[in-house]
file coords_34.csv (CSV, C-alpha atoms and all ligand atoms)
chain,number,residue,atom,x,y,z
A,5,CYS,CA,35.4,97.4,52.7
A,6,ALA,CA,38.0,99.9,51.4
A,7,GLN,CA,37.8,101.6,54.8
A,8,SER,CA,39.3,98.8,57.0
A,9,SER,CA,43.0,99.2,56.7
A,10,LYS,CA,45.0,96.0,57.5
A,11,SER,CA,43.1,92.8,57.8
A,12,PRO,CA,39.8,93.2,55.9
A,13,ARG,CA,37.0,91.6,57.7
A,14,PRO,CA,36.7,88.0,56.6
A,15,ASN,CA,33.5,86.9,54.9
A,16,MET,CA,31.7,84.7,57.5
A,17,ASN,CA,29.3,83.4,54.9
A,18,LYS,CA,31.7,82.5,52.0
A,19,HIS,CA,30.1,79.0,51.7
A,20,ILE,CA,26.9,80.8,50.9
A,21,THR,CA,28.1,83.7,48.8
A,22,ASP,CA,30.1,81.3,46.6
A,23,LYS,CA,27.0,79.4,45.6
A,24,LEU,CA,25.0,82.7,45.1
A,25,GLU,CA,27.8,83.9,42.8
A,26,GLU,CA,27.3,80.9,40.6
A,27,MET,CA,23.6,81.8,40.5
A,28,VAL,CA,24.6,85.4,39.3
A,29,LYS,CA,26.7,83.9,36.6
A,30,THR,CA,23.9,81.7,35.4
A,31,TYR,CA,21.4,84.5,35.4
A,32,GLU,CA,23.9,86.8,33.6
A,33,SER,CA,24.3,84.1,30.9
A,34,THR,CA,20.6,83.9,30.3
A,35,ASN,CA,20.3,87.7,30.3
A,36,ASP,CA,18.1,87.7,33.4
A,37,ARG,CA,19.5,91.0,34.7
A,38,TRP,CA,17.0,91.6,37.4
A,39,ARG,CA,17.5,88.2,39.0
A,40,ALA,CA,21.3,88.6,38.7
A,41,LEU,CA,21.1,92.0,40.4
A,42,GLY,CA,18.9,90.7,43.2
A,43,TYR,CA,21.4,88.0,43.9
A,44,GLN,CA,24.3,90.5,43.7
A,45,LYS,CA,22.7,92.7,46.3
A,46,ALA,CA,22.2,89.8,48.6
A,47,ILE,CA,25.8,88.7,48.2
A,48,GLN,CA,27.0,92.2,49.2
A,49,THR,CA,24.8,92.2,52.3
A,50,LEU,CA,26.0,88.7,53.3
A,51,ARG,CA,29.7,89.7,52.9
A,52,LYS,CA,29.2,92.6,55.3
A,53,HIS,CA,27.3,90.4,57.9
A,54,PRO,CA,29.6,89.9,60.9
A,55,LYS,CA,28.5,86.4,61.7
A,56,GLU,CA,27.6,83.1,60.0
A,57,ILE,CA,23.9,82.9,59.2
A,58,SER,CA,22.3,80.6,61.7
A,59,SER,CA,18.5,80.8,61.0
A,60,TRP,CA,16.1,81.6,58.2
A,61,GLU,CA,14.8,84.6,60.1
A,62,GLU,CA,18.3,86.0,60.5
A,63,ALA,CA,18.8,85.9,56.7
A,64,LYS,CA,15.3,87.4,56.1
A,65,SER,CA,16.0,90.3,58.4
A,66,LEU,CA,18.9,91.5,56.3
A,67,PRO,CA,18.6,94.3,53.8
A,68,SER,CA,17.9,93.2,50.1
A,69,ILE,CA,17.0,89.7,51.3
A,70,GLY,CA,13.3,88.7,50.8
A,71,ALA,CA,11.6,85.4,51.7
A,72,ARG,CA,12.7,83.6,48.5
A,73,LEU,CA,16.3,84.5,48.8
A,74,ALA,CA,16.2,83.6,52.5
A,75,ASP,CA,14.9,80.2,51.5
A,76,LYS,CA,17.9,79.7,49.2
A,77,ILE,CA,20.4,81.0,51.8
A,78,TRP,CA,19.0,78.8,54.5
A,79,GLU,CA,19.0,75.8,52.2
A,80,ILE,CA,22.8,76.3,51.6
A,81,ALA,CA,23.4,77.0,55.3
A,82,GLN,CA,21.8,73.7,56.2
A,83,SER,CA,22.7,71.3,53.4
A,84,GLY,CA,25.8,73.0,51.8
A,85,GLU,CA,23.9,72.7,48.5
A,86,LEU,CA,21.4,74.5,46.4
A,87,ARG,CA,19.0,72.4,44.4
A,88,LYS,CA,18.2,75.2,41.9
A,89,LEU,CA,21.9,75.5,41.1
A,90,LYS,CA,22.2,71.7,40.7
A,91,GLU,CA,19.3,71.9,38.2
A,92,PHE,CA,21.0,74.7,36.3
A,93,GLU,CA,24.3,72.8,36.2
A,94,SER,CA,22.5,69.8,34.7
A,95,SER,CA,20.7,71.9,32.1
A,96,LYS,CA,22.3,71.4,28.7
A,97,GLU,CA,20.9,74.7,27.4
A,98,LEU,CA,22.4,76.7,30.2
A,99,GLN,CA,25.8,75.0,29.9
A,100,ILE,CA,25.9,75.9,26.2
A,101,LEU,CA,24.8,79.5,26.8
A,102,LYS,CA,27.6,79.8,29.4
A,103,MET,CA,30.1,78.4,27.0
A,104,PHE,CA,29.0,80.9,24.3
A,105,THR,CA,29.2,83.9,26.6
A,106,ASN,CA,32.7,82.9,27.4
A,107,VAL,CA,33.6,83.6,23.7
A,108,TRP,CA,35.5,86.9,23.7
A,109,GLY,CA,33.3,89.6,22.1
A,110,ALA,CA,30.0,87.8,22.7
A,111,GLY,CA,27.5,88.8,25.4
A,112,PRO,CA,24.4,87.0,26.7
A,113,HIS,CA,22.4,88.4,23.8
A,114,THR,CA,24.7,87.0,21.1
A,115,ALA,CA,24.9,83.7,23.0
A,116,GLN,CA,21.1,83.4,22.9
A,117,LEU,CA,21.0,84.2,19.2
A,118,TRP,CA,23.5,81.5,18.4
A,119,TYR,CA,21.6,79.0,20.5
A,120,GLN,CA,18.3,79.9,18.6
A,121,GLN,CA,20.2,79.5,15.3
A,122,GLY,CA,20.8,75.9,16.4
A,123,PHE,CA,24.5,76.1,17.3
A,124,ARG,CA,25.6,73.9,20.2
A,125,THR,CA,29.4,73.7,20.1
A,126,ILE,CA,32.3,76.0,19.6
A,127,ALA,CA,33.0,74.1,16.4
A,128,ASP,CA,29.5,74.9,15.2
A,129,LEU,CA,30.3,78.6,15.7
A,130,GLU,CA,33.6,78.3,13.8
A,131,GLU,CA,31.9,76.5,10.9
A,132,LYS,CA,28.5,78.1,10.6
A,133,ALA,CA,28.0,81.3,12.6
A,134,ASN,CA,28.4,84.8,11.2
A,135,LEU,CA,31.1,86.1,13.5
A,136,ASN,CA,32.7,89.5,13.8
A,137,HIS,CA,36.4,90.0,14.0
A,138,GLN,CA,36.6,89.8,17.8
A,139,GLN,CA,34.4,86.7,18.0
A,140,LYS,CA,36.5,85.0,15.3
A,141,VAL,CA,39.6,85.5,17.5
A,142,GLY,CA,37.5,84.5,20.6
A,143,VAL,CA,36.4,81.2,18.9
A,144,ARG,CA,39.8,80.4,17.5
A,145,LEU,CA,41.6,80.9,20.8
A,146,TYR,CA,38.7,79.8,23.0
A,147,ASP,CA,40.7,77.3,25.1
A,148,ASP,CA,43.7,79.5,25.5
A,149,PHE,CA,41.6,82.5,26.7
A,150,LEU,CA,39.8,80.4,29.4
A,151,ASP,CA,43.1,79.3,30.8
A,152,ARG,CA,44.6,81.6,33.4
A,153,MET,CA,48.4,82.0,33.2
A,154,PRO,CA,50.8,81.5,36.1
A,155,ARG,CA,52.0,84.9,37.4
A,156,GLU,CA,55.5,84.0,36.3
A,157,GLU,CA,54.4,84.1,32.7
A,158,ALA,CA,52.7,87.4,33.2
A,159,ALA,CA,56.1,88.7,34.5
A,160,GLU,CA,57.8,87.5,31.3
A,161,ILE,CA,55.1,89.2,29.2
A,162,GLU,CA,55.6,92.4,31.2
A,163,GLN,CA,59.4,92.2,30.5
A,164,VAL,CA,58.9,92.0,26.8
A,165,VAL,CA,56.6,95.1,26.8
A,166,LYS,CA,59.0,97.0,29.1
A,167,ARG,CA,62.0,96.3,27.0
A,168,ALA,CA,60.2,97.4,23.8
A,169,ALA,CA,58.9,100.6,25.4
A,170,GLU,CA,62.3,101.4,26.9
A,171,ALA,CA,63.9,101.1,23.5
A,172,ILE,CA,61.5,103.6,22.1
A,173,GLN,CA,61.7,106.1,25.0
A,174,PRO,CA,64.3,105.8,27.7
A,175,GLY,CA,62.9,106.5,31.2
A,176,ILE,CA,59.4,105.1,30.4
A,177,ILE,CA,57.4,103.5,33.1
A,178,ALA,CA,55.7,100.2,32.2
A,179,GLN,CA,53.9,98.7,35.2
A,180,THR,CA,51.7,95.6,35.2
A,181,CYS,CA,48.5,96.2,37.1
A,182,GLY,CA,45.4,94.0,37.6
A,183,SER,CA,45.5,90.6,39.3
A,184,TYR,CA,49.3,90.5,38.8
A,185,ARG,CA,50.0,93.5,40.9
A,186,ARG,CA,47.5,92.3,43.5
A,187,GLY,CA,49.9,89.3,43.9
A,188,GLN,CA,47.4,86.7,42.5
A,189,PRO,CA,49.0,83.3,41.7
A,190,THR,CA,47.3,83.3,38.3
A,191,CYS,CA,46.2,86.0,35.8
A,192,GLY,CA,43.4,86.1,33.3
A,193,ASP,CA,45.3,88.7,31.2
A,194,VAL,CA,48.2,91.1,31.5
A,195,ASP,CA,47.3,94.7,32.1
A,196,VAL,CA,50.3,96.9,31.3
A,197,LEU,CA,50.1,100.6,32.3
A,198,ILE,CA,52.5,102.9,30.6
A,199,THR,CA,53.5,106.5,31.3
A,200,HIS,CA,56.5,108.9,31.3
A,201,PRO,CA,57.6,111.1,34.2
A,202,ASP,CA,58.4,114.0,31.8
A,203,GLY,CA,54.6,114.4,31.2
A,204,LYS,CA,54.8,114.4,27.4
A,205,SER,CA,57.0,111.5,26.0
A,206,HIS,CA,54.2,109.0,26.6
A,207,LYS,CA,52.3,110.4,23.6
A,208,HIS,CA,54.3,109.0,20.7
A,209,VAL,CA,54.9,105.7,22.4
A,210,PHE,CA,51.5,104.0,21.9
A,211,HIS,CA,51.5,103.4,18.2
A,212,ARG,CA,55.2,102.7,17.9
A,213,LEU,CA,55.2,100.2,20.7
A,214,LEU,CA,52.3,98.3,19.2
A,215,ALA,CA,53.9,98.4,15.8
A,216,ASP,CA,57.2,97.1,17.2
A,217,LEU,CA,55.5,94.3,19.2
A,218,LYS,CA,53.6,93.2,16.1
A,219,GLN,CA,56.7,93.3,14.0
A,220,SER,CA,58.5,91.0,16.4
A,221,GLY,CA,55.6,88.5,16.3
A,222,PHE,CA,54.8,89.0,20.0
A,223,LEU,CA,51.4,90.6,19.4
A,224,THR,CA,49.4,88.1,17.3
A,225,ASP,CA,45.8,89.5,17.1
A,226,ASP,CA,44.1,92.8,17.8
A,227,LEU,CA,40.7,92.9,19.6
A,228,VAL,CA,40.4,96.6,20.1
A,229,SER,CA,43.3,98.3,18.4
A,230,ALA,CA,42.9,101.8,19.9
A,231,GLU,CA,40.3,103.1,22.3
A,232,GLU,CA,40.7,106.7,23.3
A,233,THR,CA,39.2,108.1,26.5
A,234,GLY,CA,40.3,111.7,27.1
A,235,ASN,CA,44.1,111.6,27.2
A,236,GLN,CA,44.4,107.9,27.7
A,237,ARG,CA,44.8,105.2,25.0
A,238,LYS,CA,44.0,101.6,25.5
A,239,TYR,CA,44.8,98.6,23.3
A,240,MET,CA,43.3,95.1,23.8
A,241,GLY,CA,44.9,92.2,22.0
A,242,VAL,CA,46.6,88.9,22.1
A,243,CYS,CA,50.3,88.0,22.6
A,244,LYS,CA,52.4,84.9,22.6
A,245,LEU,CA,55.9,84.5,24.1
A,246,PRO,CA,58.5,83.0,21.8
A,247,GLY,CA,59.3,79.3,22.2
A,248,GLN,CA,57.6,75.9,22.2
A,249,ASN,CA,54.4,75.1,24.0
A,250,ARG,CA,53.4,78.7,24.6
A,251,LYS,CA,49.7,79.7,24.7
A,252,HIS,CA,48.1,82.8,23.4
A,253,ARG,CA,47.5,85.3,26.2
A,254,ARG,CA,45.2,88.3,26.5
A,255,ILE,CA,47.0,91.6,26.9
A,256,ASP,CA,45.8,95.1,27.6
A,257,VAL,CA,48.2,98.1,27.1
A,258,ILE,CA,47.1,101.4,28.5
A,259,VAL,CA,49.1,104.6,27.9
A,260,VAL,CA,48.3,107.6,30.2
A,261,PRO,CA,49.8,111.1,30.9
A,262,TYR,CA,51.9,111.3,34.0
A,263,SER,CA,49.4,113.6,35.7
A,264,GLU,CA,46.8,110.8,35.6
A,265,TYR,CA,49.2,108.0,36.5
A,266,ALA,CA,48.2,107.6,40.2
A,267,CYS,CA,44.5,107.4,39.5
A,268,ALA,CA,45.0,105.0,36.5
A,269,LEU,CA,47.3,102.9,38.7
A,270,VAL,CA,44.6,102.6,41.4
A,271,TYR,CA,41.9,101.9,38.8
A,272,PHE,CA,43.7,99.3,36.7
A,273,THR,CA,45.1,97.5,39.8
A,274,GLY,CA,41.5,96.9,41.0
A,275,SER,CA,40.0,94.7,42.0
A,276,ALA,CA,36.8,95.8,40.3
A,277,HIS,CA,35.1,95.2,43.6
A,278,PHE,CA,37.6,97.3,45.5
A,279,ASN,CA,37.1,100.1,42.9
A,280,ARG,CA,33.4,100.0,43.6
A,281,SER,CA,33.9,100.4,47.3
A,282,LEU,CA,36.3,103.4,46.7
A,283,ARG,CA,33.7,105.1,44.5
A,284,HIS,CA,31.1,104.5,47.2
A,285,LEU,CA,33.4,106.1,49.7
A,286,CYS,CA,33.9,109.1,47.3
A,287,LYS,CA,30.2,109.7,47.1
A,288,LYS,CA,29.9,110.1,50.8
A,289,GLN,CA,32.6,112.9,50.7
A,290,ASN,CA,31.2,114.7,47.6
A,291,MET,CA,34.2,113.4,45.6
A,292,SER,CA,34.5,111.2,42.5
A,293,LEU,CA,37.2,108.9,41.3
A,294,ASN,CA,37.8,107.2,38.0
A,295,GLU,CA,40.9,106.1,36.0
A,296,HIS,CA,41.7,109.8,35.1
A,297,ALA,CA,41.3,111.8,38.2
A,298,LEU,CA,40.1,112.4,41.7
A,299,LYS,CA,37.7,115.3,42.0
A,300,GLN,CA,36.2,117.1,45.0
A,301,GLY,CA,33.3,119.4,45.5
A,302,VAL,CA,31.1,117.2,43.3
A,303,VAL,CA,27.4,118.0,43.5
A,304,ARG,CA,25.0,115.1,42.9
A,305,LYS,CA,21.2,115.0,42.6
A,306,GLY,CA,20.3,111.4,43.1
A,307,ALA,CA,22.6,109.4,40.8
A,308,GLU,CA,23.2,112.4,38.5
A,309,LYS,CA,26.1,114.8,38.8
A,310,ILE,CA,25.0,118.4,38.5
A,311,TYR,CA,28.5,119.7,39.2
A,312,GLU,CA,31.6,117.8,38.0
A,313,GLY,CA,33.8,119.2,40.8
A,314,THR,CA,37.5,120.1,40.5
A,315,VAL,CA,40.5,117.9,40.1
A,316,VAL,CA,42.6,117.2,43.2
A,317,PRO,CA,46.3,116.7,42.3
A,318,THR,CA,47.3,113.1,43.1
A,319,PRO,CA,51.0,112.7,42.5
A,320,THR,CA,51.1,109.2,44.0
A,321,GLU,CA,48.9,106.3,44.7
A,322,GLU,CA,49.3,107.1,48.5
A,323,SER,CA,48.0,110.6,47.9
A,324,VAL,CA,44.7,109.1,46.5
A,325,PHE,CA,44.2,107.2,49.7
A,326,LYS,CA,45.1,110.2,51.8
A,327,MET,CA,42.6,112.4,50.1
A,328,LEU,CA,39.9,109.8,50.6
A,329,LYS,CA,40.9,109.8,54.3
A,330,ILE,CA,41.6,106.1,54.4
A,331,PRO,CA,44.9,104.2,55.3
A,332,PHE,CA,47.0,103.1,52.3
A,333,ARG,CA,46.0,99.6,51.2
A,334,PRO,CA,48.8,97.7,49.5
A,335,PRO,CA,47.8,96.0,46.2
A,336,GLU,CA,47.9,92.5,47.8
A,337,GLU,CA,45.1,93.6,50.1
A,338,ARG,CA,42.8,95.0,47.4
A,339,ASP,CA,40.9,91.8,46.4
A,340,HIS,CA,37.8,92.9,48.4
B,1,LIG,N1,38.2,97.2,36.1
B,1,LIG,C1,37.1,97.8,36.8
B,1,LIG,N2,35.8,97.5,36.4
B,1,LIG,C2,35.6,96.7,35.3
B,1,LIG,C3,36.7,96.1,34.7
B,1,LIG,C4,38.0,96.4,35.1
B,1,LIG,O1,37.3,98.5,37.8
B,1,LIG,N3,34.4,96.4,35.0
B,1,LIG,C5,39.5,97.5,36.6
B,1,LIG,C6,39.8,96.7,37.9
B,1,LIG,C7,40.5,95.5,37.4
B,1,LIG,C8,41.4,96.1,36.3
B,1,LIG,O2,40.5,97.1,35.7
B,1,LIG,O3,41.3,94.9,38.4
B,1,LIG,C9,41.9,95.1,35.3
B,1,LIG,O4,40.8,94.4,34.7
B,1,LIG,P1,40.8,92.9,34.4
B,1,LIG,O5,39.5,92.5,33.7
B,1,LIG,O6,42.1,92.6,33.6
B,1,LIG,O7,40.8,92.2,35.8
B,1,LIG,P2,41.9,91.6,36.8
B,1,LIG,O8,43.3,91.9,36.2
B,1,LIG,O9,41.6,92.1,38.1
B,1,LIG,O10,41.6,90.1,36.8
B,1,LIG,P3,42.1,89.0,35.7
B,1,LIG,O11,43.2,88.2,36.3
B,1,LIG,O12,40.9,88.1,35.5
B,1,LIG,O13,42.5,89.7,34.5
B,2,MG,MG,43.7,91.5,34.3
B,3,MN,MN,42.5,93.4,31.5

call {"tool": "encode", "arguments": {"input": "coords_34.csv", "output": "structure tokens", "more": "lines below"}}
Ligand code: DCP
Ligand code: MG
Ligand code: MN
result
Amino acid sequence: CAQSSKSPRPNMNKHITDKLEEMVKTYESTNDRWRALGYQKAIQTLRKHPKEISSWEEAKSLPSIGARLADKIWEIAQSGELRKLKEFESSKELQILKMFTNVWGAGPHTAQLWYQQGFRTIADLEEKANLNHQQKVGVRLYDDFLDRMPREEAAEIEQVVKRAAEAIQPGIIAQTCGSYRRGQPTCGDVDVLITHPDGKSHKHVFHRLLADLKQSGFLTDDLVSAEETGNQRKYMGVCKLPGQNRKHRRIDVIVVPYSEYACALVYFTGSAHFNRSLRHLCKKQNMSLNEHALKQGVVRKGAEKIYEGTVVPTPTEESVFKMLKIPFRPPEERDH
């Protein structure tokens, strides 16, 4: 997927994979990891298949697709529907579990616990459940968090963060990544990546920036106030633009050293699916890629790394693609 440069091959079986994705979501919400994984593998296979599925046998012949999945695929191909999915959709219990897993800070396990305790609505959780701090925020702002913002609003949020960061440290770079940078019309949150070209001034910005943005009333709630991975710092929280009729929006702020900027930019721009295909490409070339660095000369034994490899300097995003021996892919073309 990452390999093809310009027009990525269209998914000839989108009508099928869309339904199967719904099945994955359902099985994830019931904590049925094996079924979810089985469906996920089938989806990946179907995405790569160069033509529309035209028989049960054709589906069955593909990797990761057994007789039962072939039944489902053929049912969708013929009727456009999947009875099993319809059943799920009409199941009250599954609907409630899905709603509960959509609470920020709750996973499928917590959702099931809540259900077993007799809770059925978000109001039940608010009144009766024993919630941690994140879940309290998630419940209070449930509707706002489910609403994706128009990209214009993400741009306004970026500007607020940019101006505040610039006031602390002139020359700072604040770039919104994620779905916004990929040009999506709506964004689930705003992912602001911050660094400084001098290689050191980014360090003292993190805490001051958050303090300033709290003081001004822009940041309203913390979800994860500081997560440290190596030299990177990540904040996850909630913001609200000034003015009437504004919703609370999810915001992530990530501060990284300039030497890691290009890899962080690739990682936080995504999509998550694109990142997976990049990592897959790396494996084949004995390399590894994460939000910190690109490494070469990695030695793997099965899934395990027995030698970490050495860091390849990547001054720009383009250089990451070059080292991976693939043509540069602009952010707008990284959704698959
Ligand atoms: N990311 C990843 N793997 C994950 C989560 C995130 O590689 N499991 C990377 C790719 C994502 C980026 O981080 O694009 C930002 O994560 P988000 O969850 O904010 O996702 P998006 O910005 O892509 O979409 P949304 O509009 O829903 O926020
Ligand atoms: Mg995002
Ligand atoms: Mn995010």

call {"tool": "closest_atom_pairs", "arguments": {"input": "coords_34.csv", "of": "chain A", "to": "ligand MN 3 (chain B)", "cutoff": "9 Å", "atoms": "all atoms listed in the file", "output": "Markdown table"}}
result
| residue | atom | partner | partner_atom | distance |
| --- | --- | --- | --- | --- |
| A:Cys181 | CA | B:MN3 | MN | 8.7 |
| A:Gly182 | CA | B:MN3 | MN | 6.8 |
| A:Ser183 | CA | B:MN3 | MN | 8.8 |
| A:Gly192 | CA | B:MN3 | MN | 7.6 |
| A:Asp193 | CA | B:MN3 | MN | 5.5 |
| A:Val194 | CA | B:MN3 | MN | 6.1 |
| A:Asp195 | CA | B:MN3 | MN | 5.0 |
| A:Val196 | CA | B:MN3 | MN | 8.6 |
| A:Met240 | CA | B:MN3 | MN | 7.9 |
| A:Arg254 | CA | B:MN3 | MN | 7.6 |
| A:Ile255 | CA | B:MN3 | MN | 6.7 |
| A:Asp256 | CA | B:MN3 | MN | 5.4 |
| A:Val257 | CA | B:MN3 | MN | 8.6 |
| A:Phe272 | CA | B:MN3 | MN | 8.0 |

call {"tool": "closest_residue", "arguments": {"input": "coords_34.csv", "among": "A:Asp225, A:Lys132, A:Pro334, A:Tyr262", "to": "Glu322 in chain A", "atoms": "all atoms listed in the file"}}
result
A:Pro334

call {"tool": "atom_distance", "arguments": {"input": "coords_34.csv", "atom1": "CA of Lys18 in chain A", "atom2": "CA of Phe104 in chain A"}}
result
27.9 Å

call {"tool": "closest_atom_pairs", "arguments": {"input": "coords_34.csv", "of": "chain A", "to": "ligand LIG 1 (chain B)", "cutoff": "10 Å", "atoms": "only C-alpha atoms and all ligand atoms", "output": "CSV"}}
result
residue,atom,partner,partner_atom,distance
A:Leu150,CA,B:LIG1,O12,9.9
A:Arg152,CA,B:LIG1,O11,7.3
A:Met153,CA,B:LIG1,O11,8.7
A:Arg155,CA,B:LIG1,O11,9.5
A:Thr180,CA,B:LIG1,O8,9.2
A:Cys181,CA,B:LIG1,O8,6.8
A:Gly182,CA,B:LIG1,O8,3.3
A:Ser183,CA,B:LIG1,O8,4.0
A:Tyr184,CA,B:LIG1,O8,6.7
A:Arg185,CA,B:LIG1,O8,8.3
A:Arg186,CA,B:LIG1,O9,8.0
A:Gln188,CA,B:LIG1,O11,7.6
A:Pro189,CA,B:LIG1,O11,9.3
A:Thr190,CA,B:LIG1,O11,6.7
A:Cys191,CA,B:LIG1,O11,3.8
A:Gly192,CA,B:LIG1,O11,3.7
A:Asp193,CA,B:LIG1,O13,4.4
A:Val194,CA,B:LIG1,O13,6.6
A:Asp195,CA,B:LIG1,O6,5.8
A:Val196,CA,B:LIG1,C9,9.5
A:Arg254,CA,B:LIG1,O13,8.6
A:Ile255,CA,B:LIG1,O6,8.4
A:Asp256,CA,B:LIG1,O6,7.5
A:Ala268,CA,B:LIG1,O2,9.1
A:Leu269,CA,B:LIG1,C8,9.3
A:Val270,CA,B:LIG1,C6,8.4
A:Tyr271,CA,B:LIG1,C5,5.5
A:Phe272,CA,B:LIG1,C8,4.0
A:Thr273,CA,B:LIG1,O3,4.8
A:Gly274,CA,B:LIG1,O3,3.3
A:Ser275,CA,B:LIG1,O3,3.8
A:Ala276,CA,B:LIG1,O1,3.7
A:His277,CA,B:LIG1,O1,7.0
A:Phe278,CA,B:LIG1,O1,7.8
A:Asn279,CA,B:LIG1,O1,5.3
A:Arg280,CA,B:LIG1,O1,7.1
A:Asn294,CA,B:LIG1,O1,8.7
A:Glu295,CA,B:LIG1,O1,8.6
A:Arg338,CA,B:LIG1,O3,9.1
A:Asp339,CA,B:LIG1,O9,8.3

call {"tool": "write_last_selection", "arguments": {"input": "coords_34.csv", "atoms": "C-alpha atoms", "output": "PDB file, in the coordinates of the input"}}
result
ATOM      1  CA  LEU A 150      39.800  80.400  29.400  1.00  0.00           C
ATOM      2  CA  ARG A 152      44.600  81.600  33.400  1.00  0.00           C
ATOM      3  CA  MET A 153      48.400  82.000  33.200  1.00  0.00           C
ATOM      4  CA  ARG A 155      52.000  84.900  37.400  1.00  0.00           C
ATOM      5  CA  THR A 180      51.700  95.600  35.200  1.00  0.00           C
ATOM      6  CA  CYS A 181      48.500  96.200  37.100  1.00  0.00           C
ATOM      7  CA  GLY A 182      45.400  94.000  37.600  1.00  0.00           C
ATOM      8  CA  SER A 183      45.500  90.600  39.300  1.00  0.00           C
ATOM      9  CA  TYR A 184      49.300  90.500  38.800  1.00  0.00           C
ATOM     10  CA  ARG A 185      50.000  93.500  40.900  1.00  0.00           C
ATOM     11  CA  ARG A 186      47.500  92.300  43.500  1.00  0.00           C
ATOM     12  CA  GLN A 188      47.400  86.700  42.500  1.00  0.00           C
ATOM     13  CA  PRO A 189      49.000  83.300  41.700  1.00  0.00           C
ATOM     14  CA  THR A 190      47.300  83.300  38.300  1.00  0.00           C
ATOM     15  CA  CYS A 191      46.200  86.000  35.800  1.00  0.00           C
ATOM     16  CA  GLY A 192      43.400  86.100  33.300  1.00  0.00           C
ATOM     17  CA  ASP A 193      45.300  88.700  31.200  1.00  0.00           C
ATOM     18  CA  VAL A 194      48.200  91.100  31.500  1.00  0.00           C
ATOM     19  CA  ASP A 195      47.300  94.700  32.100  1.00  0.00           C
ATOM     20  CA  VAL A 196      50.300  96.900  31.300  1.00  0.00           C
ATOM     21  CA  ARG A 254      45.200  88.300  26.500  1.00  0.00           C
ATOM     22  CA  ILE A 255      47.000  91.600  26.900  1.00  0.00           C
ATOM     23  CA  ASP A 256      45.800  95.100  27.600  1.00  0.00           C
ATOM     24  CA  ALA A 268      45.000 105.000  36.500  1.00  0.00           C
ATOM     25  CA  LEU A 269      47.300 102.900  38.700  1.00  0.00           C
ATOM     26  CA  VAL A 270      44.600 102.600  41.400  1.00  0.00           C
ATOM     27  CA  TYR A 271      41.900 101.900  38.800  1.00  0.00           C
ATOM     28  CA  PHE A 272      43.700  99.300  36.700  1.00  0.00           C
ATOM     29  CA  THR A 273      45.100  97.500  39.800  1.00  0.00           C
ATOM     30  CA  GLY A 274      41.500  96.900  41.000  1.00  0.00           C
ATOM     31  CA  SER A 275      40.000  94.700  42.000  1.00  0.00           C
ATOM     32  CA  ALA A 276      36.800  95.800  40.300  1.00  0.00           C
ATOM     33  CA  HIS A 277      35.100  95.200  43.600  1.00  0.00           C
ATOM     34  CA  PHE A 278      37.600  97.300  45.500  1.00  0.00           C
ATOM     35  CA  ASN A 279      37.100 100.100  42.900  1.00  0.00           C
ATOM     36  CA  ARG A 280      33.400 100.000  43.600  1.00  0.00           C
ATOM     37  CA  ASN A 294      37.800 107.200  38.000  1.00  0.00           C
ATOM     38  CA  GLU A 295      40.900 106.100  36.000  1.00  0.00           C
ATOM     39  CA  ARG A 338      42.800  95.000  47.400  1.00  0.00           C
ATOM     40  CA  ASP A 339      40.900  91.800  46.400  1.00  0.00           C
TER      41      ASP A 339
END

call {"tool": "residues_around", "arguments": {"input": "coords_34.csv", "residues": "Ala110 in chain A", "least_positions_apart": "6", "cutoff": "9 Å", "atoms": "all atoms listed in the file", "output": "PDB file with C-alpha atoms, keeping the file's coordinate frame"}}
result
ATOM      1  CA  PHE A 104      29.000  80.900  24.300  1.00  0.00           C
ATOM      2  CA  GLN A 138      36.600  89.800  17.800  1.00  0.00           C
ATOM      3  CA  GLN A 139      34.400  86.700  18.000  1.00  0.00           C
ATOM      4  CA  GLY A 142      37.500  84.500  20.600  1.00  0.00           C
TER       5      GLY A 142
END

call {"tool": "residues_near_point", "arguments": {"input": "coords_34.csv", "point": "(23.9, 83.8, 14.5)", "cutoff": "6 Å", "atoms": "all atoms listed in the file", "output": "PyMOL selection string"}}
result
chain A and resi 117-118+121+133-134

call {"tool": "residues_around", "arguments": {"input": "coords_34.csv", "residues": "range 71-74 of chain A", "least_positions_apart": "6", "cutoff": "9 Å", "atoms": "only C-alpha atoms", "output": "list in words"}}
result
Gly42, Tyr43, Ala46, Trp60, Glu61, Glu62, Ala63, Lys64 and Ser65 of chain A
